[in-house]
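Enquirer: File follows, entry-v4.cif with mmCIF, C-alpha atoms:
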data_structure
#
loop_
_atom_site.label_atom_id
_atom_site.label_comp_id
_atom_site.auth_asym_id
_atom_site.auth_seq_id
_atom_site.Cartn_x
_atom_site.Cartn_y
_atom_site.Cartn_z
CA MET A 14 -11.97 -31.80 -94.88
CA PRO A 15 -10.27 -35.01 -96.09
CA TYR A 16 -7.65 -36.46 -93.80
CA GLY A 17 -4.03 -37.03 -94.71
CA LEU A 18 -2.19 -40.16 -93.58
CA ILE A 19 1.38 -40.09 -92.31
CA LEU A 20 3.75 -43.04 -92.00
CA PRO A 21 6.73 -42.28 -89.71
CA PRO A 22 10.11 -43.85 -90.66
CA ASP A 23 9.82 -46.60 -87.98
CA VAL A 24 6.47 -47.70 -89.40
CA GLN A 25 7.81 -47.60 -92.97
CA THR A 26 10.56 -49.97 -91.80
CA GLU A 27 8.00 -52.24 -90.12
CA ILE A 28 6.02 -52.45 -93.38
CA ARG A 29 9.10 -53.13 -95.49
CA GLU A 30 10.32 -55.79 -93.04
CA TYR A 31 6.91 -57.40 -92.99
CA LEU A 32 6.77 -57.62 -96.80
CA ALA A 33 10.36 -58.88 -97.00
CA SER A 34 9.90 -61.58 -94.37
CA ARG A 35 6.44 -62.89 -95.22
CA PHE A 36 6.57 -63.10 -99.03
CA SER A 37 9.06 -64.78 -101.30
CA THR A 38 8.76 -62.75 -104.52
CA ASP A 39 8.44 -59.06 -105.36
CA GLU A 40 5.20 -59.85 -107.22
CA GLU A 41 3.67 -61.17 -104.00
CA ARG A 42 5.05 -58.23 -102.04
CA LEU A 43 3.52 -55.78 -104.50
CA GLU A 44 0.19 -57.60 -104.37
CA ALA A 45 0.33 -57.55 -100.56
CA TRP A 46 1.20 -53.85 -100.51
CA GLN A 47 -1.65 -52.98 -102.90
CA GLN A 48 -4.10 -54.59 -100.48
CA ILE A 49 -2.50 -52.95 -97.42
CA GLU A 50 -2.56 -49.58 -99.17
CA ALA A 51 -6.26 -50.03 -100.01
CA GLU A 52 -6.99 -50.68 -96.32
CA LEU A 53 -4.97 -47.65 -95.26
CA PHE A 54 -6.92 -45.57 -97.78
CA LYS A 55 -10.13 -46.75 -96.13
CA LEU A 56 -8.77 -45.68 -92.76
CA GLN A 57 -7.68 -42.32 -94.14
CA SER A 58 -11.19 -41.78 -95.51
CA ASN A 59 -12.80 -42.83 -92.24
CA PRO A 60 -10.51 -42.51 -89.20
CA ALA A 61 -13.30 -43.87 -86.99
CA LEU A 62 -12.80 -47.39 -88.38
CA GLY A 63 -10.46 -48.55 -85.61
CA SER A 64 -11.43 -49.52 -82.11
CA ALA A 65 -9.90 -48.10 -78.96
CA GLN A 66 -8.99 -50.06 -75.86
CA TRP A 67 -10.70 -48.56 -72.83
CA GLY A 68 -8.81 -47.76 -69.64
CA GLY A 69 -5.31 -46.71 -70.60
CA PRO A 70 -3.06 -44.88 -73.03
CA PHE A 71 -4.57 -46.70 -76.02
CA GLU A 72 -7.94 -45.04 -75.41
CA SER A 73 -6.75 -42.25 -77.71
CA ARG A 74 -4.90 -44.64 -80.05
CA PRO A 75 -7.35 -46.88 -81.89
CA VAL A 76 -6.28 -50.12 -83.52
CA PHE A 77 -7.49 -50.97 -87.03
CA ARG A 78 -7.40 -54.65 -88.00
CA PHE A 79 -7.73 -56.03 -91.48
CA SER A 80 -6.86 -59.06 -93.62
CA ILE A 81 -5.08 -59.48 -96.92
CA ARG A 82 -5.05 -62.52 -99.20
CA VAL A 83 -2.02 -63.23 -101.37
CA SER A 84 -1.29 -66.51 -103.19
CA GLU A 85 -4.34 -68.05 -101.52
CA VAL A 86 -2.99 -67.36 -98.02
CA THR A 87 -4.92 -65.04 -95.71
CA ARG A 88 -2.91 -62.90 -93.32
CA HIS A 89 -4.12 -60.59 -90.58
CA ILE A 90 -2.59 -57.21 -89.86
CA GLN A 91 -3.16 -54.45 -87.34
CA VAL A 92 -2.14 -50.83 -87.27
CA VAL A 93 -2.37 -48.42 -84.35
CA TYR A 94 -2.91 -44.75 -85.08
CA LYS A 95 -3.60 -41.35 -83.65
CA VAL A 96 -6.03 -38.87 -85.17
CA HIS A 97 -4.98 -35.21 -85.14
CA ARG A 98 -8.29 -33.54 -85.88
CA LYS A 99 -6.90 -30.01 -85.85
CA ASP A 100 -4.39 -30.88 -88.60
CA ALA A 101 -6.74 -33.41 -90.30
CA LEU A 102 -4.05 -36.07 -90.03
CA VAL A 103 -4.01 -39.76 -89.24
CA VAL A 104 -0.58 -40.81 -87.97
CA ILE A 105 0.09 -44.53 -88.15
CA SER A 106 2.37 -45.25 -85.20
CA GLY A 107 2.58 -49.03 -85.36
CA PHE A 108 2.19 -51.85 -87.90
CA ALA A 109 2.22 -55.51 -86.91
CA PRO A 110 1.07 -58.92 -88.11
CA LEU A 111 -1.79 -60.22 -86.04
CA SER A 112 -2.03 -63.80 -84.79
CA LEU A 113 -5.60 -64.97 -84.43
CA MET B 28 20.87 -30.57 -55.17
CA PRO B 29 20.90 -34.33 -54.36
CA GLU B 30 19.11 -36.57 -56.82
CA LEU B 31 15.43 -37.01 -56.08
CA SER B 32 14.19 -40.62 -55.87
CA LYS B 33 11.71 -41.77 -58.51
CA ASN B 34 9.11 -42.34 -55.76
CA ALA B 35 9.47 -38.75 -54.57
CA GLN B 36 9.32 -37.48 -58.17
CA LEU B 37 6.04 -39.31 -58.67
CA LEU B 38 4.54 -37.69 -55.56
CA LYS B 39 5.90 -34.27 -56.54
CA PHE B 40 4.36 -34.67 -60.00
CA PHE B 41 0.89 -35.34 -58.60
CA SER B 42 1.09 -32.59 -55.95
CA GLN B 43 2.19 -30.16 -58.67
CA GLN B 44 -0.68 -31.19 -60.94
CA TYR B 45 -3.25 -31.02 -58.13
CA GLY B 46 -2.23 -27.54 -57.03
CA HIS B 47 -3.89 -25.68 -54.17
CA PRO B 48 -4.78 -26.69 -51.43
CA GLY B 49 -2.66 -29.80 -51.88
CA VAL B 50 -3.48 -33.38 -52.85
CA PRO B 51 -4.98 -35.44 -49.99
CA ARG B 52 -2.78 -38.40 -49.08
CA LYS B 53 -5.70 -40.79 -49.55
CA ARG B 54 -5.96 -39.72 -53.20
CA LEU B 55 -2.21 -39.41 -53.67
CA VAL B 56 -1.52 -43.05 -52.91
CA LYS B 57 -4.31 -44.12 -55.26
CA LEU B 58 -2.93 -41.92 -58.06
CA ALA B 59 0.51 -43.48 -57.59
CA PHE B 60 -1.08 -46.92 -57.52
CA MET B 61 -2.97 -46.35 -60.80
CA ALA B 62 0.18 -44.98 -62.45
CA ASP B 63 2.03 -48.14 -61.40
CA VAL B 64 -0.84 -50.38 -62.53
CA LEU B 65 -0.92 -48.80 -66.01
CA SER B 66 2.86 -48.73 -66.25
CA ARG B 67 3.07 -52.41 -65.37
CA GLN B 68 0.33 -53.20 -67.92
CA TYR B 69 1.69 -51.17 -70.83
CA LEU B 70 5.42 -50.85 -70.11
CA GLY B 71 5.95 -54.08 -68.20
CA LYS B 72 7.35 -52.39 -65.09
CA PRO B 73 6.18 -49.92 -62.44
CA ILE B 74 7.19 -46.26 -62.25
CA SER B 75 7.74 -46.35 -58.48
CA SER B 76 9.03 -48.99 -56.08
CA PHE B 77 6.12 -48.60 -53.67
CA VAL B 78 4.89 -51.82 -52.06
CA TYR B 79 1.10 -51.72 -52.07
CA ILE B 80 -0.97 -53.49 -49.46
CA LYS B 81 -4.69 -54.10 -49.24
CA ASP B 82 -6.29 -51.58 -46.94
CA HIS B 83 -9.86 -50.68 -46.05
CA PHE B 84 -9.78 -47.64 -48.38
CA GLY B 85 -8.09 -49.50 -51.22
CA PRO B 86 -4.36 -49.96 -51.80
CA ASN B 87 -1.93 -48.26 -49.44
CA ALA B 88 1.84 -47.80 -49.46
CA ARG B 89 3.17 -47.60 -45.90
CA GLU B 90 6.48 -46.12 -47.01
CA LEU B 91 4.83 -43.09 -48.67
CA PRO B 92 5.58 -40.68 -45.74
CA GLN B 93 9.29 -41.45 -46.18
CA PHE B 94 9.12 -39.91 -49.65
CA THR B 95 6.93 -36.95 -48.77
CA GLY B 96 9.62 -36.37 -46.14
CA GLU B 97 12.28 -36.47 -48.87
CA LEU B 98 10.35 -33.78 -50.76
CA ALA B 99 9.99 -31.65 -47.63
CA THR B 100 13.71 -31.91 -46.89
CA MET B 101 14.46 -30.58 -50.35
CA GLY B 102 11.83 -27.85 -50.10
CA LEU B 103 9.84 -29.22 -53.05
CA SER B 104 6.54 -30.08 -51.35
CA PHE B 105 5.29 -30.08 -47.81
CA GLU B 106 2.54 -31.82 -45.90
CA CYS B 107 -0.15 -30.04 -43.95
CA THR B 108 -2.84 -31.55 -41.74
CA GLU B 109 -6.43 -30.31 -41.71
CA ARG B 110 -8.87 -31.23 -38.97
CA ASP B 111 -12.59 -31.02 -39.56
CA GLY B 112 -14.36 -32.43 -36.51
CA VAL B 113 -13.28 -36.04 -36.28
CA ARG B 114 -11.89 -36.11 -39.81
CA THR B 115 -8.21 -35.48 -40.46
CA THR B 116 -6.88 -34.85 -43.97
CA ILE B 117 -3.17 -34.87 -44.73
CA ARG B 118 -2.40 -32.93 -47.89
CA LEU B 119 0.79 -32.75 -49.92
CA GLN B 120 1.21 -29.21 -51.20
CA ASP B 121 3.67 -28.33 -53.90
CA SER B 122 6.16 -25.55 -53.16
CA GLY B 123 6.07 -24.32 -56.75
CA GLN B 124 9.74 -25.09 -57.29
CA ALA B 125 10.20 -26.68 -60.72
CA ILE B 126 12.33 -29.78 -61.19
CA GLU B 127 13.34 -31.86 -64.18
CA PHE B 128 11.47 -35.14 -63.97
CA GLY B 129 13.22 -38.35 -65.01
CA PHE B 130 10.20 -40.04 -66.56
CA SER B 131 10.40 -41.83 -69.90
CA ARG B 132 8.04 -40.93 -72.75
CA GLY B 133 5.83 -43.90 -71.89
CA GLU B 134 5.76 -43.03 -68.21
CA THR B 135 4.89 -39.41 -69.03
CA GLU B 136 2.03 -40.60 -71.24
CA ILE B 137 0.69 -42.80 -68.46
CA LEU B 138 0.98 -40.00 -65.89
CA GLY B 139 -0.92 -37.72 -68.26
CA TYR B 140 -3.66 -40.32 -68.53
CA VAL B 141 -3.89 -40.68 -64.74
CA VAL B 142 -4.08 -36.91 -64.25
CA LYS B 143 -6.70 -36.45 -66.95
CA ASN B 144 -8.94 -39.20 -65.65
CA TYR B 145 -8.40 -39.50 -61.90
CA LEU B 146 -6.96 -36.28 -60.44
CA THR B 147 -10.34 -34.71 -59.79
CA MET B 148 -12.62 -37.74 -60.04
CA ASP B 149 -14.97 -38.15 -57.07
CA ILE B 150 -12.81 -39.96 -54.52
CA GLY B 151 -15.44 -42.54 -53.55
CA GLU B 152 -16.07 -43.40 -57.20
CA PHE B 153 -12.33 -43.46 -57.92
CA ILE B 154 -11.74 -45.96 -55.12
CA ASP B 155 -14.80 -48.16 -55.64
CA ALA B 156 -15.15 -48.14 -59.44
CA VAL B 157 -11.51 -47.94 -60.50
CA VAL B 158 -8.89 -48.74 -57.86
CA LYS B 159 -10.71 -51.58 -56.13
CA LYS B 160 -11.56 -53.13 -59.49
CA THR B 161 -7.93 -53.63 -60.52
CA GLU B 162 -6.74 -57.23 -60.76
CA PRO B 163 -4.05 -57.00 -58.05
CA PHE B 164 -6.50 -55.52 -55.56
CA LEU B 165 -9.14 -58.12 -56.35
CA ALA B 166 -6.55 -60.89 -56.00
CA ALA B 167 -5.63 -59.93 -52.43
CA THR B 168 -7.88 -61.50 -49.79
CA PHE B 169 -7.11 -59.90 -46.42
CA GLU B 170 -6.25 -56.42 -45.16
CA GLY B 171 -2.52 -55.85 -44.81
CA GLU B 172 -1.71 -58.35 -47.57
CA GLU B 173 0.78 -57.22 -50.21
CA LEU B 174 -0.91 -56.84 -53.59
CA PRO B 175 0.42 -59.22 -56.26
CA MET B 176 1.30 -56.40 -58.65
CA SER B 177 3.51 -58.43 -61.01
CA MET B 178 0.50 -60.46 -62.13
CA ILE B 179 -0.39 -57.63 -64.56
CA ASP B 180 3.11 -57.00 -65.99
CA GLY B 181 2.80 -56.56 -69.76
CA SER B 182 -0.89 -57.57 -69.86
CA GLY B 183 -2.03 -54.38 -71.62
CA ARG B 184 0.82 -54.57 -74.11
CA GLU B 185 -0.07 -58.16 -74.90
CA GLN B 186 -3.74 -57.33 -75.31
CA VAL B 187 -3.21 -54.37 -77.63
CA GLY B 188 -0.27 -55.94 -79.49
CA PHE B 189 1.92 -52.82 -79.52
CA ASP B 190 4.74 -51.46 -77.38
CA LEU B 191 3.82 -48.03 -75.98
CA GLU B 192 7.37 -46.62 -76.02
CA ALA B 193 7.78 -47.61 -79.69
CA ILE B 194 4.39 -46.10 -80.58
CA LEU B 195 5.31 -42.82 -78.88
CA ALA B 196 8.68 -42.77 -80.64
CA ALA B 197 6.90 -43.11 -84.00
CA GLU B 198 4.41 -40.38 -83.07
CA HIS B 199 7.31 -38.07 -82.21
CA GLU B 200 8.96 -38.80 -85.56
CA ALA B 201 5.74 -37.65 -87.22
CA ILE B 202 5.56 -34.52 -85.02
CA ASP B 203 9.15 -33.75 -86.03
CA GLY B 204 8.04 -33.88 -89.67
CA LYS B 205 10.02 -37.03 -90.46
CA GLY B 206 7.10 -39.05 -91.85
CA SER B 207 5.92 -39.60 -95.41
CA THR B 208 2.41 -39.43 -96.75
CA LEU B 209 0.80 -42.68 -97.84
CA ALA B 210 1.19 -41.66 -101.49
CA GLU B 211 4.89 -40.81 -101.08
CA PHE B 212 5.69 -44.04 -99.31
CA SER B 213 3.66 -46.08 -101.79
CA ARG B 214 5.48 -44.54 -104.76
CA ALA B 215 8.88 -45.33 -103.24
CA LEU B 216 7.90 -48.87 -102.25
CA ARG B 217 6.34 -49.68 -105.62
CA ALA B 218 9.44 -48.36 -107.37
CA ASP B 219 11.64 -50.64 -105.24
CA LEU B 220 9.42 -53.68 -105.82
CA THR B 221 9.26 -53.20 -109.58
CA ALA B 222 12.85 -52.04 -110.11
CA GLY B 223 14.13 -55.35 -111.47
CA ARG B 224 11.17 -56.05 -113.72
CA PRO B 225 11.26 -55.85 -117.54
CA ASN B 226 8.88 -53.22 -118.99
#
Show me this structure written as structure tokens.

Expert:
Amino acid sequence: MPYGLILPPDVQTEIREYLASRFSTDEERLEAWQQIEAELFKLQSNPALGSAQWGGPFESRPVFRFSIRVSEVTRHIQVVYKVHRKDALVVISGFAPLSL
Amino acid sequence: MPELSKNAQLLKFFSQQYGHPGVPRKRLVKLAFMADVLSRQYLGKPISSFVYIKDHFGPNARELPQFTGELATMGLSFECTERDGVRTTIRLQDSGQAIEFGFSRGETEILGYVVKNYLTMDIGEFIDAVVKKTEPFLAATFEGEELPMSMIDGSGREQVGFDLEAILAAEHEAIDGKGSTLAEFSRALRADLTAGRPN
């Protein structure tokens, strides 16, 4: 059964704030969002893509890291999520830029 | 009923989870220690105010009997001593009386993790492979030394890059049906980003 992907209001705000603060035009924001959405689609199709941190409460909350490239600048992002197998849902519970 | 200290609540929680015949004190102090370790790592502060020292059997909190005493006074749990030859086991048994715990969402999540993983784990393995491998225990050099617990404050949060309380709040929003699907959010966001554009 295909999984659904849920974005809680707090995470929606984090995404909107990220786009508003990191990009100067709506064209760039849209381009950035298209790439983020494509990555979230990948995660929705394969919830095993993220990696879990052993030994604590994030064991059951994997983190999925990816990069986007807009206006020749590469940026790294991570999302943390929980898989609800019974409901076939992936709930994104955090979205954050990643400093490498 | 007078307010129960957070330390006593923590002990009550573990004795309640352990059930009959009562959680041995040796395990109880290690469960509290692991809850404090994880809480310091992921929430930046401990659940209890126990002062842990390095002991032969891992970390120990000398003030623990004071709080089992608090539970006994309030009729919430009581200690019993078993003697088997030369071995003495002190167990904390829950009275079955329910209380409202004052743990935050993050603390509750951490306590759930500790129960799931360590409540019934072989005690020798729990001490040697888990408790004695924690950074504060490894950092202490002699028996009786206070463990430098603050050295791990926020380390897990920093490593994972997310705040546990915020993550749990978002998960609860989703459980309450407040979230949007990816398609719904994308439609709304795209509409906002293209609103000012000429067709």

Enquirer: If the cut-off is 8 Å, can you tell me the residues of chain A near chain B, counting only C-alpha atoms? I'd like them as number ranges by chain.

Expert: A: 17-25, 39-40, 42-43, 50, 66, 69-71, 76, 93, 104-107, 109, 111

Enquirer: For each of B:Asn34, B:Ser182, B:Thr135, B:Thr168, take the minimum atom-to-atom distance to Pro92 of chain B, counting all atoms listed in the file, then give the residue where this is smallest.

Expert: B:Asn34

Enquirer: What's the 12 Å shell around Val86 of chain A, counting all atoms listed in the file, without same-chain residues fewer than 2 positions away, as a PyMOL selection string?

Expert: chain A and resi 35-36+41+45+80-84+88-89

Enquirer: For Met176 of chain B, list every protein, DNA or RNA residue within 10 Å, evaluated using all atoms listed in the file, and leave out those in the same chain fewer than 6 positions away; present the list as a PyMOL selection string.

Expert: chain B and resi 60+63-64+67-68+72-73+78-80+161-164+166-167

Enquirer: Selected residues, C-alpha atoms, written as a PDB file, keeping the file's coordinate frame, please.

Expert:
ATOM      1  CA  PHE B  60      -1.080 -46.920 -57.520  1.00  0.00           C
ATOM      2  CA  ASP B  63       2.030 -48.140 -61.400  1.00  0.00           C
ATOM      3  CA  VAL B  64      -0.840 -50.380 -62.530  1.00  0.00           C
ATOM      4  CA  ARG B  67       3.070 -52.410 -65.370  1.00  0.00           C
ATOM      5  CA  GLN B  68       0.330 -53.200 -67.920  1.00  0.00           C
ATOM      6  CA  LYS B  72       7.350 -52.390 -65.090  1.00  0.00           C
ATOM      7  CA  PRO B  73       6.180 -49.920 -62.440  1.00  0.00           C
ATOM      8  CA  VAL B  78       4.890 -51.820 -52.060  1.00  0.00           C
ATOM      9  CA  TYR B  79       1.100 -51.720 -52.070  1.00  0.00           C
ATOM     10  CA  ILE B  80      -0.970 -53.490 -49.460  1.00  0.00           C
ATOM     11  CA  THR B 161      -7.930 -53.630 -60.520  1.00  0.00           C
ATOM     12  CA  GLU B 162      -6.740 -57.230 -60.760  1.00  0.00           C
ATOM     13  CA  PRO B 163      -4.050 -57.000 -58.050  1.00  0.00           C
ATOM     14  CA  PHE B 164      -6.500 -55.520 -55.560  1.00  0.00           C
ATOM     15  CA  ALA B 166      -6.550 -60.890 -56.000  1.00  0.00           C
ATOM     16  CA  ALA B 167      -5.630 -59.930 -52.430  1.00  0.00           C
TER      17      ALA B 167
END

Enquirer: Contacts of Val96 of chain A at 10 Å or less, counting all atoms listed in the file, minus same-chain residues fewer than 5 places along, as a list of chain:residue names?

Expert: A:Tyr16, A:Gly17, A:Leu18, A:Gln57, A:Pro60, A:Ala61, A:Ser73, A:Arg74, A:Pro75, A:Ala101, A:Leu102, A:Val103, A:Val104, A:Ile105

Enquirer: Deliver the residues from the most recent selection as a file, using C-alpha atoms, as a PDB file, in the coordinates of the input.

Expert:
ATOM      1  CA  TYR A  16      -7.650 -36.460 -93.800  1.00  0.00           C
ATOM      2  CA  GLY A  17      -4.030 -37.030 -94.710  1.00  0.00           C
ATOM      3  CA  LEU A  18      -2.190 -40.160 -93.580  1.00  0.00           C
ATOM      4  CA  GLN A  57      -7.680 -42.320 -94.140  1.00  0.00           C
ATOM      5  CA  PRO A  60     -10.510 -42.510 -89.200  1.00  0.00           C
ATOM      6  CA  ALA A  61     -13.300 -43.870 -86.990  1.00  0.00           C
ATOM      7  CA  SER A  73      -6.750 -42.250 -77.710  1.00  0.00           C
ATOM      8  CA  ARG A  74      -4.900 -44.640 -80.050  1.00  0.00           C
ATOM      9  CA  PRO A  75      -7.350 -46.880 -81.890  1.00  0.00           C
ATOM     10  CA  ALA A 101      -6.740 -33.410 -90.300  1.00  0.00           C
ATOM     11  CA  LEU A 102      -4.050 -36.070 -90.030  1.00  0.00           C
ATOM     12  CA  VAL A 103      -4.010 -39.760 -89.240  1.00  0.00           C
ATOM     13  CA  VAL A 104      -0.580 -40.810 -87.970  1.00  0.00           C
ATOM     14  CA  ILE A 105       0.090 -44.530 -88.150  1.00  0.00           C
TER      15      ILE A 105
END

Enquirer: Mind giving me the straight-line distance from atom CA of Asp111 of chain B to atom CA of Lys57 of chain B in Å, one decimal?

Expert: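 Computing the Euclidean distance for atom CA of Asp111 of chain B and atom CA of Lys57 of chain B yields 22.1 Å.
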
Enquirer: Give me the residues within 10 Å of Arg54 of chain B as a VMD selection string, counting only C-alpha atoms and dropping any in the same chain fewer than 5 places off.

Expert: chain B and resid 41 59 to 60 118 145 to 151 153 to 154

Enquirer: Please compute the atom CA of Gly171 of chain B-atom CA of Lys81 of chain B distance, one decimal, in Å.

Expert: 5.2 Å

Enquirer: Please evaluate the PyMOL selection byres ((chain A and resi 91) around 6) against the structure above and give the resulting residues as a PyMOL selection string.

Expert: chain A and resi 77-78+90+92+108-109

Enquirer: Please write the residues from the selection above to a file, keeping C-alpha atoms, as a compact mmCIF listing (two decimals), keeping the file's coordinate frame.

Expert:
# COMPACT_ATOMS: atom_id res chain seq x y z
CA PHE A 77 -7.49 -50.97 -87.03
CA ARG A 78 -7.40 -54.65 -88.00
CA ILE A 90 -2.59 -57.21 -89.86
CA VAL A 92 -2.14 -50.83 -87.27
CA PHE A 108 2.19 -51.85 -87.90
CA ALA A 109 2.22 -55.51 -86.91

Enquirer: Which value, in Å to one decimal, gives the distance between atom CA of Gly63 of chain A and atom CA of Glu27 of chain A?

Expert: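 One can read the atom CA of Gly63 of chain A to atom CA of Glu27 of chain A distance as 19.4 Å.
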
Enquirer: Tell me which protein, DNA and RNA residues are within 12 Å of Glu127 of chain B, counting all atoms listed in the file, leaving out same-chain ones fewer than 5 positions away, and put them as a PyMOL selection string.

Expert: chain B and resi 28+30-31+33+36-37+39-40+103

Enquirer: Here's the selection I'm unsure about, the PyMOL selection byres ((chain B and resi 91) around 9); applied to the file above, which residues does it give, as a PyMOL selection string?

Expert: chain B and resi 34-35+38+52+56+77+87-90+92-96
